[in-house]
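Quick look at entry-v4.txt (compact mmCIF, C-alpha atoms):
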# COMPACT_ATOMS: atom_id res chain seq x y z
CA MET K 8 21.60 6.49 -42.50
CA PRO K 9 21.66 4.95 -38.98
CA LEU K 10 19.16 2.19 -38.15
CA ALA K 11 17.90 4.32 -35.25
CA LEU K 12 16.14 6.49 -37.85
CA LEU K 13 13.96 3.47 -38.71
CA ALA K 14 12.68 3.35 -35.12
CA LEU K 15 11.83 7.07 -35.28
CA ALA K 16 10.12 6.55 -38.65
CA ILE K 17 7.96 3.72 -37.22
CA GLY K 18 6.84 6.00 -34.39
CA ALA K 19 6.12 8.72 -36.95
CA PHE K 20 4.11 6.22 -39.03
CA GLY K 21 1.87 5.44 -36.05
CA ILE K 22 1.39 9.12 -35.21
CA GLY K 23 0.61 10.01 -38.83
CA THR K 24 -1.92 7.21 -39.07
CA THR K 25 -3.84 8.19 -35.94
CA GLU K 26 -3.85 11.87 -36.91
CA PHE K 27 -5.42 11.40 -40.35
CA VAL K 28 -7.36 8.10 -40.19
CA ILE K 29 -10.14 9.66 -38.10
CA MET K 30 -11.19 11.76 -41.12
CA GLY K 31 -12.26 8.62 -42.99
CA LEU K 32 -14.01 7.09 -39.96
CA LEU K 33 -16.09 10.06 -38.78
CA PRO K 34 -19.44 8.60 -40.01
CA GLU K 35 -18.83 5.28 -38.21
CA VAL K 36 -17.72 6.97 -34.96
CA ALA K 37 -20.62 9.46 -35.09
CA GLY K 38 -23.10 6.62 -35.67
CA ASP K 39 -21.79 4.52 -32.80
CA PHE K 40 -21.91 7.37 -30.29
CA GLY K 41 -25.12 8.91 -31.64
CA VAL K 42 -23.61 12.32 -32.38
CA SER K 43 -23.67 14.50 -35.50
CA ILE K 44 -20.83 14.61 -38.03
CA PRO K 45 -19.88 18.19 -37.01
CA THR K 46 -19.72 17.05 -33.38
CA ALA K 47 -17.57 14.06 -34.37
CA GLY K 48 -15.34 16.57 -36.17
CA LEU K 49 -14.22 17.72 -32.73
CA LEU K 50 -12.05 14.59 -32.74
CA VAL K 51 -10.03 16.26 -35.54
CA THR K 52 -10.05 19.75 -34.03
CA GLY K 53 -9.26 18.47 -30.53
CA TYR K 54 -6.27 16.53 -31.84
CA ALA K 55 -4.87 19.54 -33.74
CA LEU K 56 -5.23 21.84 -30.72
CA GLY K 57 -3.66 19.16 -28.52
CA VAL K 58 -0.61 19.16 -30.80
CA VAL K 59 -0.30 22.95 -30.61
CA ILE K 60 -0.53 22.92 -26.80
CA GLY K 61 1.32 19.67 -26.20
CA ALA K 62 4.39 20.50 -28.32
CA PRO K 63 5.85 23.14 -25.98
CA LEU K 64 4.32 21.65 -22.80
CA MET K 65 5.77 18.16 -23.20
CA THR K 66 9.11 19.49 -24.43
CA VAL K 67 9.45 21.72 -21.36
CA LEU K 68 8.58 18.79 -19.09
CA GLY K 69 11.24 16.74 -20.87
CA THR K 70 14.11 19.18 -20.34
CA LYS K 71 15.14 17.31 -17.18
CA ILE K 72 15.66 13.89 -18.77
CA SER K 73 17.58 12.44 -21.72
CA ARG K 74 16.08 12.75 -25.19
CA LYS K 75 15.87 8.98 -25.66
CA ARG K 76 13.95 8.52 -22.43
CA MET K 77 11.63 11.38 -23.37
CA LEU K 78 10.92 9.81 -26.77
CA MET K 79 10.03 6.55 -25.01
CA LEU K 80 7.70 8.34 -22.58
CA LEU K 81 6.01 10.14 -25.47
CA MET K 82 5.37 6.84 -27.27
CA GLY K 83 3.91 5.49 -24.03
CA LEU K 84 1.53 8.46 -23.91
CA PHE K 85 0.63 7.86 -27.57
CA ILE K 86 -0.14 4.18 -26.87
CA ALA K 87 -2.29 5.04 -23.83
CA GLY K 88 -4.31 7.65 -25.76
CA ASN K 89 -5.08 5.29 -28.65
CA LEU K 90 -5.99 2.42 -26.34
CA LEU K 91 -8.39 4.73 -24.50
CA SER K 92 -9.93 5.74 -27.85
CA ALA K 93 -10.29 2.09 -28.85
CA VAL K 94 -12.26 1.12 -25.72
CA ALA K 95 -14.02 4.45 -25.04
CA PRO K 96 -17.62 3.86 -23.83
CA THR K 97 -18.64 7.48 -24.53
CA PHE K 98 -17.78 10.19 -27.04
CA ALA K 99 -16.29 12.41 -24.31
CA ILE K 100 -13.88 9.64 -23.27
CA MET K 101 -12.86 9.05 -26.89
CA LEU K 102 -12.19 12.78 -27.29
CA THR K 103 -10.06 12.58 -24.13
CA GLY K 104 -8.11 9.69 -25.66
CA ARG K 105 -7.53 11.69 -28.84
CA VAL K 106 -6.21 14.66 -26.88
CA ILE K 107 -3.91 12.42 -24.78
CA ALA K 108 -2.45 10.88 -27.95
CA SER K 109 -2.03 14.32 -29.54
CA LEU K 110 0.05 15.62 -26.63
CA ALA K 111 2.86 13.29 -27.76
CA HIS K 112 2.76 14.40 -31.41
CA GLY K 113 4.60 17.74 -31.47
CA ALA K 114 7.24 16.87 -28.90
CA PHE K 115 7.95 13.52 -30.60
CA PHE K 116 8.66 15.14 -33.95
CA GLY K 117 10.43 18.10 -32.34
CA ILE K 118 12.77 16.02 -30.16
CA GLY K 119 12.99 13.35 -32.87
CA SER K 120 14.22 15.97 -35.38
CA VAL K 121 17.00 17.01 -33.00
CA VAL K 122 17.99 13.37 -32.36
CA ALA K 123 17.88 12.51 -36.09
CA ALA K 124 20.08 15.50 -36.92
CA GLU K 125 22.62 14.53 -34.24
CA LEU K 126 22.88 10.96 -35.53
CA VAL K 127 24.47 12.02 -38.84
CA ALA K 128 27.16 14.27 -40.30
CA PRO K 129 26.37 18.01 -40.65
CA ASP K 130 25.80 17.75 -44.41
CA LYS K 131 23.21 14.97 -43.92
CA LYS K 132 21.02 16.60 -41.26
CA ALA K 133 18.04 17.56 -43.44
CA GLY K 134 18.12 14.12 -45.07
CA ALA K 135 18.00 12.48 -41.64
CA ILE K 136 15.04 14.64 -40.61
CA ALA K 137 13.31 13.74 -43.89
CA MET K 138 13.93 10.04 -43.19
CA MET K 139 12.05 10.32 -39.89
CA PHE K 140 9.21 12.28 -41.52
CA THR K 141 8.99 9.55 -44.18
CA GLY K 142 7.06 7.57 -41.55
CA LEU K 143 4.47 10.35 -41.43
CA THR K 144 4.16 10.58 -45.21
CA VAL K 145 4.01 6.79 -45.75
CA ALA K 146 1.20 6.71 -43.17
CA ASN K 147 -0.91 8.66 -45.66
CA VAL K 148 -0.19 6.11 -48.40
CA VAL K 149 -0.54 2.89 -46.38
CA GLY K 150 -1.69 3.46 -42.80
CA VAL K 151 -4.63 5.81 -43.41
CA PRO K 152 -6.27 3.92 -46.33
CA LEU K 153 -5.71 0.55 -44.60
CA GLY K 154 -6.96 1.88 -41.25
CA THR K 155 -10.03 3.37 -42.95
CA LEU K 156 -10.75 0.09 -44.77
CA ILE K 157 -10.44 -1.93 -41.54
CA GLY K 158 -12.51 0.60 -39.62
CA GLN K 159 -15.31 0.56 -42.17
CA ASN K 160 -15.45 -3.23 -42.47
CA VAL K 161 -14.37 -4.59 -39.07
CA GLY K 162 -14.89 -1.63 -36.75
CA TRP K 163 -13.18 1.65 -35.98
CA ARG K 164 -12.16 0.37 -32.52
CA VAL K 165 -9.99 -2.27 -34.20
CA THR K 166 -8.24 0.48 -36.16
CA PHE K 167 -7.29 2.39 -33.02
CA GLY K 168 -6.19 -0.85 -31.34
CA MET K 169 -3.86 -1.54 -34.28
CA VAL K 170 -2.49 2.02 -34.09
CA ALA K 171 -1.72 1.45 -30.40
CA ALA K 172 0.12 -1.75 -31.40
CA LEU K 173 2.17 0.29 -33.89
CA GLY K 174 3.10 2.53 -30.98
CA VAL K 175 4.37 -0.51 -29.06
CA VAL K 176 6.60 -1.45 -32.02
CA GLY K 177 7.91 2.13 -32.22
CA LEU K 178 8.58 2.20 -28.46
CA ALA K 179 10.52 -1.09 -28.63
CA GLY K 180 12.53 0.18 -31.61
CA ILE K 181 13.48 3.41 -29.84
CA ALA K 182 14.48 1.49 -26.71
CA ARG K 183 16.63 -0.91 -28.75
CA LEU K 184 18.10 1.24 -31.54
CA VAL K 185 18.29 4.90 -30.49
CA PRO K 186 21.55 5.57 -28.64
CA GLU K 187 21.50 7.20 -25.21
CA MET K 188 21.96 10.93 -25.68
CA PRO K 189 22.45 12.80 -22.40
CA ARG K 190 20.80 16.18 -22.04
CA PRO K 191 23.28 18.84 -23.22
CA GLU K 192 25.04 20.47 -20.30
CA GLY K 193 24.16 24.07 -19.53
CA VAL K 194 20.92 24.02 -21.55
CA HIS K 195 17.94 25.05 -19.43
CA LEU K 196 14.43 26.24 -20.14
CA ARG K 197 15.67 29.83 -20.14
CA HIS K 198 18.09 28.99 -22.97
CA GLU K 199 15.36 27.19 -24.92
CA LEU K 200 13.00 30.18 -24.59
CA ALA K 201 15.75 32.56 -25.67
CA ALA K 202 15.58 31.06 -29.18
CA PHE K 203 12.23 32.80 -29.67
CA LYS K 204 13.95 36.19 -29.44
CA ASN K 205 15.61 35.36 -32.75
CA ALA K 206 13.62 36.94 -35.59
CA GLN K 207 14.81 34.20 -37.98
CA VAL K 208 13.27 31.49 -35.79
CA LEU K 209 9.94 33.33 -35.72
CA LEU K 210 10.08 33.93 -39.49
CA ALA K 211 10.71 30.22 -40.11
CA MET K 212 7.71 29.32 -37.95
CA ALA K 213 5.52 31.84 -39.76
CA MET K 214 6.62 30.25 -43.05
CA THR K 215 5.57 26.88 -41.61
CA VAL K 216 2.10 28.14 -40.65
CA LEU K 217 1.47 29.81 -44.02
CA GLY K 218 3.25 27.35 -46.33
CA PHE K 219 1.74 24.12 -45.06
CA GLY K 220 -1.49 25.95 -44.34
CA GLY K 221 -1.73 26.49 -48.08
CA VAL K 222 -1.77 22.72 -48.58
CA PHE K 223 -4.52 22.07 -46.03
CA ALA K 224 -6.74 24.87 -47.30
CA ALA K 225 -7.28 22.73 -50.41
CA ILE K 226 -6.95 19.18 -49.02
CA THR K 227 -9.42 19.67 -46.13
CA TYR K 228 -12.22 20.12 -48.68
CA ILE K 229 -10.93 17.61 -51.22
CA ALA K 230 -13.94 15.26 -50.86
CA PRO K 231 -16.71 17.74 -51.77
CA MET K 232 -14.45 19.41 -54.36
CA MET K 233 -13.71 16.15 -56.17
CA THR K 234 -17.24 14.70 -55.99
CA HIS K 235 -19.17 17.89 -56.83
CA ILE K 236 -16.73 19.58 -59.23
CA ALA K 237 -14.53 16.89 -60.80
CA GLY K 238 -17.27 14.23 -60.86
CA PHE K 239 -15.48 11.49 -58.89
CA THR K 240 -17.49 8.96 -56.88
CA ASP K 241 -17.30 8.97 -53.07
CA GLY K 242 -15.20 5.79 -53.14
CA SER K 243 -12.58 7.42 -55.36
CA VAL K 244 -11.66 10.00 -52.71
CA THR K 245 -9.63 7.40 -50.77
CA TRP K 246 -7.42 6.74 -53.80
CA LEU K 247 -7.04 10.44 -54.50
CA LEU K 248 -5.73 10.79 -50.93
CA VAL K 249 -3.31 7.93 -51.65
CA LEU K 250 -1.98 9.97 -54.61
CA PHE K 251 -1.65 12.93 -52.25
CA GLY K 252 0.27 10.69 -49.84
CA LEU K 253 2.57 9.43 -52.60
CA GLY K 254 3.32 13.02 -53.52
CA MET K 255 4.10 13.73 -49.85
CA VAL K 256 6.60 10.84 -49.71
CA GLY K 257 8.42 11.98 -52.84
CA GLY K 258 8.39 15.66 -51.89
CA ASN K 259 9.66 14.93 -48.40
CA LEU K 260 12.66 12.94 -49.66
CA ILE K 261 13.48 15.49 -52.38
CA GLY K 262 13.13 18.36 -49.90
CA GLY K 263 15.50 16.63 -47.49
CA LYS K 264 18.07 15.94 -50.19
CA PHE K 265 18.20 19.44 -51.66
CA ALA K 266 17.83 21.29 -48.35
CA ASP K 267 21.23 19.91 -47.36
CA ARG K 268 22.69 21.46 -50.53
CA ALA K 269 20.81 24.76 -50.84
CA LEU K 270 18.20 25.32 -48.15
CA MET K 271 16.78 28.74 -49.06
CA PRO K 272 16.68 28.13 -52.85
CA MET K 273 14.79 24.90 -52.08
CA LEU K 274 12.22 26.92 -50.11
CA TYR K 275 11.89 29.52 -52.89
CA VAL K 276 11.20 26.85 -55.51
CA SER K 277 8.84 24.70 -53.44
CA LEU K 278 6.77 27.59 -52.01
CA GLY K 279 6.59 29.43 -55.34
CA ALA K 280 5.57 26.31 -57.26
CA LEU K 281 3.05 25.41 -54.53
CA ALA K 282 1.36 28.82 -54.84
CA VAL K 283 1.12 28.42 -58.63
CA VAL K 284 -0.22 24.84 -58.49
CA LEU K 285 -2.84 25.74 -55.85
CA ALA K 286 -4.04 28.64 -58.01
CA LEU K 287 -4.24 26.34 -61.04
CA PHE K 288 -6.24 23.82 -59.00
CA THR K 289 -9.28 26.09 -59.36
CA LEU K 290 -9.14 25.18 -63.08
CA THR K 291 -7.82 21.60 -63.00
CA ALA K 292 -10.45 20.61 -60.41
CA HIS K 293 -12.95 20.45 -63.29
CA ASN K 294 -11.09 17.57 -65.01
CA LYS K 295 -10.55 14.15 -63.40
CA ILE K 296 -7.05 13.45 -64.76
CA ALA K 297 -5.80 17.00 -64.28
CA ALA K 298 -7.24 17.04 -60.74
CA ALA K 299 -5.49 13.78 -59.83
CA VAL K 300 -2.14 15.09 -61.11
CA THR K 301 -2.61 18.38 -59.28
CA ILE K 302 -3.40 16.64 -55.98
CA THR K 303 -0.18 14.63 -56.28
CA LEU K 304 1.81 17.81 -56.98
CA ILE K 305 0.26 19.60 -53.99
CA GLY K 306 1.37 16.73 -51.74
CA ALA K 307 4.88 16.75 -53.23
CA LEU K 308 5.43 20.52 -53.15
CA GLY K 309 3.81 20.91 -49.73
CA PHE K 310 5.99 18.32 -48.06
CA ALA K 311 9.11 19.43 -49.93
CA THR K 312 9.00 22.42 -47.57
CA VAL K 313 8.97 20.35 -44.36
CA PRO K 314 12.64 19.22 -44.04
CA PRO K 315 14.07 22.65 -45.02
CA LEU K 316 11.71 24.50 -42.66
CA GLN K 317 12.46 22.14 -39.78
CA LYS K 318 16.21 22.38 -40.44
CA ARG K 319 15.94 26.17 -40.73
CA VAL K 320 14.51 26.30 -37.20
CA LEU K 321 17.22 23.95 -35.89
CA ASP K 322 19.95 26.04 -37.53
CA GLN K 323 18.63 29.36 -36.26
CA ALA K 324 17.93 28.06 -32.73
CA HIS K 325 21.39 26.48 -32.47
CA GLY K 326 22.49 25.71 -28.94
CA ALA K 327 18.91 25.24 -27.67
CA PRO K 328 16.89 23.81 -30.57
CA THR K 329 14.58 21.30 -28.84
CA LEU K 330 11.70 23.57 -27.81
CA ALA K 331 11.82 25.59 -31.04
CA SER K 332 11.79 22.37 -33.08
CA ALA K 333 8.73 21.07 -31.20
CA VAL K 334 6.87 24.38 -31.42
CA ASN K 335 7.48 24.36 -35.19
CA ILE K 336 5.60 21.04 -35.38
CA GLY K 337 2.77 22.78 -33.54
CA ALA K 338 3.01 25.52 -36.18
CA PHE K 339 2.22 22.96 -38.91
CA ASN K 340 -0.99 22.03 -37.06
CA LEU K 341 -1.82 25.68 -36.38
CA GLY K 342 -1.53 26.26 -40.14
CA ASN K 343 -3.81 23.26 -40.76
CA ALA K 344 -6.48 24.61 -38.39
CA LEU K 345 -6.21 28.19 -39.67
CA SER K 346 -6.41 27.27 -43.36
CA ALA K 347 -9.29 24.81 -42.84
CA TRP K 348 -11.20 27.60 -41.07
CA LEU K 349 -10.48 30.12 -43.83
CA GLY K 350 -11.42 27.59 -46.51
CA GLY K 351 -14.73 26.97 -44.75
CA ILE K 352 -15.41 30.72 -44.64
CA VAL K 353 -15.05 31.20 -48.41
CA ILE K 354 -17.24 28.16 -49.12
CA ALA K 355 -19.91 29.38 -46.69
CA ALA K 356 -19.75 32.81 -48.35
CA GLY K 357 -20.92 31.20 -51.58
CA PHE K 358 -17.67 31.23 -53.60
CA GLY K 359 -17.86 27.50 -54.33
CA TYR K 360 -15.89 24.37 -53.46
CA THR K 361 -12.80 25.46 -55.42
CA ALA K 362 -12.48 28.76 -53.52
CA PRO K 363 -10.22 27.28 -50.78
CA ASN K 364 -7.59 26.76 -53.50
CA TRP K 365 -7.27 30.54 -53.85
CA VAL K 366 -6.90 30.79 -50.08
CA GLY K 367 -4.16 28.17 -50.22
CA ALA K 368 -2.35 29.95 -53.07
CA ALA K 369 -2.42 33.23 -51.13
CA LEU K 370 -1.04 31.55 -47.99
CA ALA K 371 1.78 29.82 -49.92
CA ALA K 372 2.66 33.08 -51.71
CA SER K 373 2.78 34.86 -48.34
CA ALA K 374 5.19 32.19 -47.06
CA LEU K 375 7.40 32.80 -50.12
CA VAL K 376 7.48 36.54 -49.33
CA LEU K 377 8.59 35.73 -45.77
CA ALA K 378 11.32 33.41 -47.12
CA VAL K 379 12.71 36.19 -49.31
CA LEU K 380 12.52 38.62 -46.37
CA SER K 381 14.28 36.13 -44.09
CA ALA K 382 17.15 35.67 -46.55
CA ALA K 383 17.49 39.45 -47.04
CA LEU K 384 17.70 40.02 -43.27
CA GLU K 385 20.28 37.24 -43.01
CA ARG K 386 22.44 38.85 -45.72
CA ARG K 387 22.15 42.23 -44.00
CA ASP K 388 23.19 40.78 -40.63
CA SER K 389 26.08 38.87 -42.24
CA GLY K 390 27.26 42.09 -43.90
CA ARG K 391 27.18 43.96 -40.59
CA SER K 392 29.12 41.15 -38.90
CA ALA K 393 31.76 41.32 -41.63
CA VAL K 394 32.09 45.09 -41.19
CA VAL K 395 32.45 44.71 -37.42
CA ALA K 396 35.02 41.95 -37.86
CA SER K 397 37.07 44.03 -40.33
CA GLY K 398 37.02 46.95 -37.87
CA SER K 399 38.52 44.89 -35.06
CA PRO K 400 42.31 44.72 -34.62
CA ALA K 401 42.34 41.11 -35.78
CA GLY K 402 40.20 41.99 -38.80
CA GLN K 403 42.45 44.94 -39.70
CA ARG K 404 45.57 42.76 -39.56
CA THR K 405 43.82 40.25 -41.86
CA ALA K 406 42.86 43.06 -44.26
CA VAL K 407 46.47 44.39 -44.31
CA HIS K 408 47.81 40.88 -44.87
CA HIS K 409 45.57 40.45 -47.87

Translate this file's structure into structure tokens.
Amino acid sequence: MPLALLALAIGAFGIGTTEFVIMGLLPEVAGDFGVSIPTAGLLVTGYALGVVIGAPLMTVLGTKISRKRMLMLLMGLFIAGNLLSAVAPTFAIMLTGRVIASLAHGAFFGIGSVVAAELVAPDKKAGAIAMMFTGLTVANVVGVPLGTLIGQNVGWRVTFGMVAALGVVGLAGIARLVPEMPRPEGVHLRHELAAFKNAQVLLAMAMTVLGFGGVFAAITYIAPMMTHIAGFTDGSVTWLLVLFGLGMVGGNLIGGKFADRALMPMLYVSLGALAVVLALFTLTAHNKIAAAVTITLIGALGFATVPPLQKRVLDQAHGAPTLASAVNIGAFNLGNALSAWLGGIVIAAGFGYTAPNWVGAALAASALVLAVLSAALERRDSGRSAVVASGSPAGQRTAVHH
């Protein structure tokens, strides 16, 4: 794997840390600004919506410059947003900083996926994408717990200052290690938008929303579920999230490896197993050891879908993959927001803290149905193409020859 992937992974590590670390620092931030916890939660919601909006917006703005230069500009935006959050005198300014940082998120992973795939041989593309996303998964094992610890003991402003410093390291690495890749000739915004006419691209994005949404339906409410149902202490939640992060790292690497060999079978297995494990979580949540194992499996199976889904979008949007790739990153965050909302609804309706697991299982199962449908449509289209080819003069000569 090229060293340039390390620079992309460092950038991904910083982005992953800033996205998730705020969840552990909400009480400190709310206390400092004198706002309620639900109001402080807007720092999570605002970031997620910024990713959804920023992914296509920043990618479109970047169609006029080289991908390397765009990646550097995105890291600059990320650094500026986190610095603003670190020094924000008011809650509104901190929210502004969070949104600014989030605008870089989707386009960075979208453009970064295209760059990573172009750096390696065709049979290594999913593995290269997984290598970049390793930065995001490792952030949940190292960056988020460490950032939370520092924020709780030294101050949350220090955490965001350190995240900005990570961005500087990522920016320097991209400038030094990522080769200059000129914008492909003849690819304009019109070509990029044309990818969304492809039903397979839209199906892959729907699988992203539903599949990863299944993960976040459960994980968003992991703290009350584990403390009220499993009997863990509040302090244990951090280490349960570390287990989730370790599962994400393993699942991401496995998903990247097997997606290069058999992409659709990998999706069938990971989405099907994810649906089953989420359904079982309603039972295993009542036992500490079983709950810890289940959380690790949810992280592994959830992130095993990321490299194949991202590669599926790149494959189906061939010729103009950049915008589709970035929008798919937004789809992950849309799934996060949707599933968190649905999970909150079933809890508020009185079904209990384990009810979001059923929501997650239903979402993952729906993604599996779409995967089967996508493959069936692909086989049908391939069959039609073969018939058309055999009906052409060239195809008839080939048939006679055989």

*Which residue out of K:Ile261, K:Ala368, K:Ala128, K:Ala146 has the minimum interatomic distance to Ser346 (chain K) when only C-alpha atoms are used?*
K:Ala368

*In Å, with one decimal, what is the gap from CA of Val244 (chain K) to CA of Ile354 (chain K)?*
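Atom-to-atom, CA of Val244 (chain K) and CA of Ile354 (chain K) are spaced 19.3 Å apart.
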
*Fewer than 5 positions away in the same chain doesn't count, so skip those; otherwise give me all residues within 9 Å of Thr227 (chain K), counting only C-alpha atoms, as a ChimeraX atom specification.*
/K:222,343,346-347,350,363

*What does the distance between CA of Val208 (chain K) and CA of Gln323 (chain K) come to in Å, to one decimal place?*
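Here the two named atoms are 5.8 Å from each other.
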
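Our summary of the geometry notes that CA of Leu316 (chain K) is positioned 26.4 Å from CA of Ile72 (chain K).
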
*Find the residue from K:Ile136, K:Ala179, K:Ala99, K:Ile352 that sits nearest to Leu78 (chain K); use only C-alpha atoms when measuring.*
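The shortest atom-to-atom distance to Leu78 (chain K) comes from K:Ala179.
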
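Residue nearest Leu375 (chain K) within the list K:Ser92, K:Ser277, K:Ser120, K:Thr141: K:Ser277 [criterion: smallest interatomic distance, only C-alpha atoms].
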
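Ranking K:Met101, K:Val256, K:Val106, K:Ala338 by their shortest atom-to-atom distance to Gly309 (chain K), with all atoms listed in the file included, puts K:Val256 first.
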
_Quick one: residues within 12 Å of region 38-40 of chain K, only C-alpha atoms, excluding same-chain residues fewer than 2 positions away - as a ChimeraX atom specification?_
/K:32-36,42-44,46-47,95-102,159,162-164

Tell me which protein, DNA and RNA residues are within 12 Å of Ala206 (chain K), counting only C-alpha atoms, leaving out same-chain ones fewer than 2 positions away, and put them as an mmCIF file with C-alpha atoms, in the frame of the given file.
data_model
loop_
_atom_site.group_PDB
_atom_site.id
_atom_site.type_symbol
_atom_site.label_atom_id
_atom_site.label_comp_id
_atom_site.auth_asym_id
_atom_site.auth_seq_id
_atom_site.Cartn_x
_atom_site.Cartn_y
_atom_site.Cartn_z
ATOM 1 C CA ALA K 201 15.750 32.560 -25.670
ATOM 2 C CA ALA K 202 15.580 31.060 -29.180
ATOM 3 C CA PHE K 203 12.230 32.800 -29.670
ATOM 4 C CA LYS K 204 13.950 36.190 -29.440
ATOM 5 C CA VAL K 208 13.270 31.490 -35.790
ATOM 6 C CA LEU K 209 9.940 33.330 -35.720
ATOM 7 C CA LEU K 210 10.080 33.930 -39.490
ATOM 8 C CA ALA K 211 10.710 30.220 -40.110
ATOM 9 C CA MET K 212 7.710 29.320 -37.950
ATOM 10 C CA ALA K 213 5.520 31.840 -39.760
ATOM 11 C CA VAL K 320 14.510 26.300 -37.200
ATOM 12 C CA GLN K 323 18.630 29.360 -36.260
ATOM 13 C CA ALA K 324 17.930 28.060 -32.730
ATOM 14 C CA LEU K 377 8.590 35.730 -45.770
ATOM 15 C CA LEU K 380 12.520 38.620 -46.370
ATOM 16 C CA SER K 381 14.280 36.130 -44.090
ATOM 17 C CA ALA K 382 17.150 35.670 -46.550
ATOM 18 C CA LEU K 384 17.700 40.020 -43.270
ATOM 19 C CA GLU K 385 20.280 37.240 -43.010
ATOM 20 C CA ASP K 388 23.190 40.780 -40.630
#

If you count all atoms listed in the file, which residues fall within 10 Å of Val51 (chain K), apart from same-chain ones fewer than 2 positions away, as a tab-separated table (two decimals) with C-alpha atoms, keeping the file's coordinate frame?
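Writing the result to selection-v2.tsv gives the following:
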chain	number	residue	atom	x	y	z
K	26	GLU	CA	-3.85	11.87	-36.91
K	27	PHE	CA	-5.42	11.40	-40.35
K	28	VAL	CA	-7.36	8.10	-40.19
K	29	ILE	CA	-10.14	9.66	-38.10
K	30	MET	CA	-11.19	11.76	-41.12
K	33	LEU	CA	-16.09	10.06	-38.78
K	46	THR	CA	-19.72	17.05	-33.38
K	47	ALA	CA	-17.57	14.06	-34.37
K	48	GLY	CA	-15.34	16.57	-36.17
K	49	LEU	CA	-14.22	17.72	-32.73
K	53	GLY	CA	-9.26	18.47	-30.53
K	54	TYR	CA	-6.27	16.53	-31.84
K	55	ALA	CA	-4.87	19.54	-33.74
K	56	LEU	CA	-5.23	21.84	-30.72
K	57	GLY	CA	-3.66	19.16	-28.52
K	102	LEU	CA	-12.19	12.78	-27.29
K	105	ARG	CA	-7.53	11.69	-28.84
K	106	VAL	CA	-6.21	14.66	-26.88
K	344	ALA	CA	-6.48	24.61	-38.39

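When only C-alpha atoms are used to compute distances to Ala282 (chain K), the closest of the residues K:Ala224, K:Val165, K:Ile296, K:Leu321 turns out to be K:Ala224.
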
*asked:* Can you tell me which residues surround Val127 (chain K) at a distance of at most 12 Å, considering all atoms listed in the file, apart from same-chain residues fewer than 3 positions away, and format the answer as an MDAnalysis selection string?
replied: chainID K and resid 8:12 120:124 130:136 138

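Among the candidate residues K:Ala311, K:Tyr360, K:Arg197, K:Gly21, the one lying nearest to Thr234 (chain K) is K:Tyr360, with distances computed using only C-alpha atoms.
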
Determine, counting all atoms listed in the file, every residue of protein, DNA or RNA that lies within 6 Å of (12.2, 4.7, -34.2) in the file coordinates, then give the result as a compact mmCIF listing (two decimals) with C-alpha atoms, in the coordinates of the input.
# COMPACT_ATOMS: atom_id res chain seq x y z
CA ALA K 11 17.90 4.32 -35.25
CA LEU K 12 16.14 6.49 -37.85
CA LEU K 13 13.96 3.47 -38.71
CA ALA K 14 12.68 3.35 -35.12
CA LEU K 15 11.83 7.07 -35.28
CA ALA K 16 10.12 6.55 -38.65
CA ILE K 17 7.96 3.72 -37.22
CA GLY K 18 6.84 6.00 -34.39
CA GLY K 177 7.91 2.13 -32.22
CA GLY K 180 12.53 0.18 -31.61
CA ILE K 181 13.48 3.41 -29.84

Once 6 Å is added on each side, what centre and edge lengths in Å to one decimal does the axis-aligned box around all listed atoms of region 270-278 of chain K have, as lines of an AutoDock Vina configuration file?
center_x = 12.5
center_y = 27.1
center_z = -51.8
size_x = 23.4
size_y = 16.8
size_z = 19.4
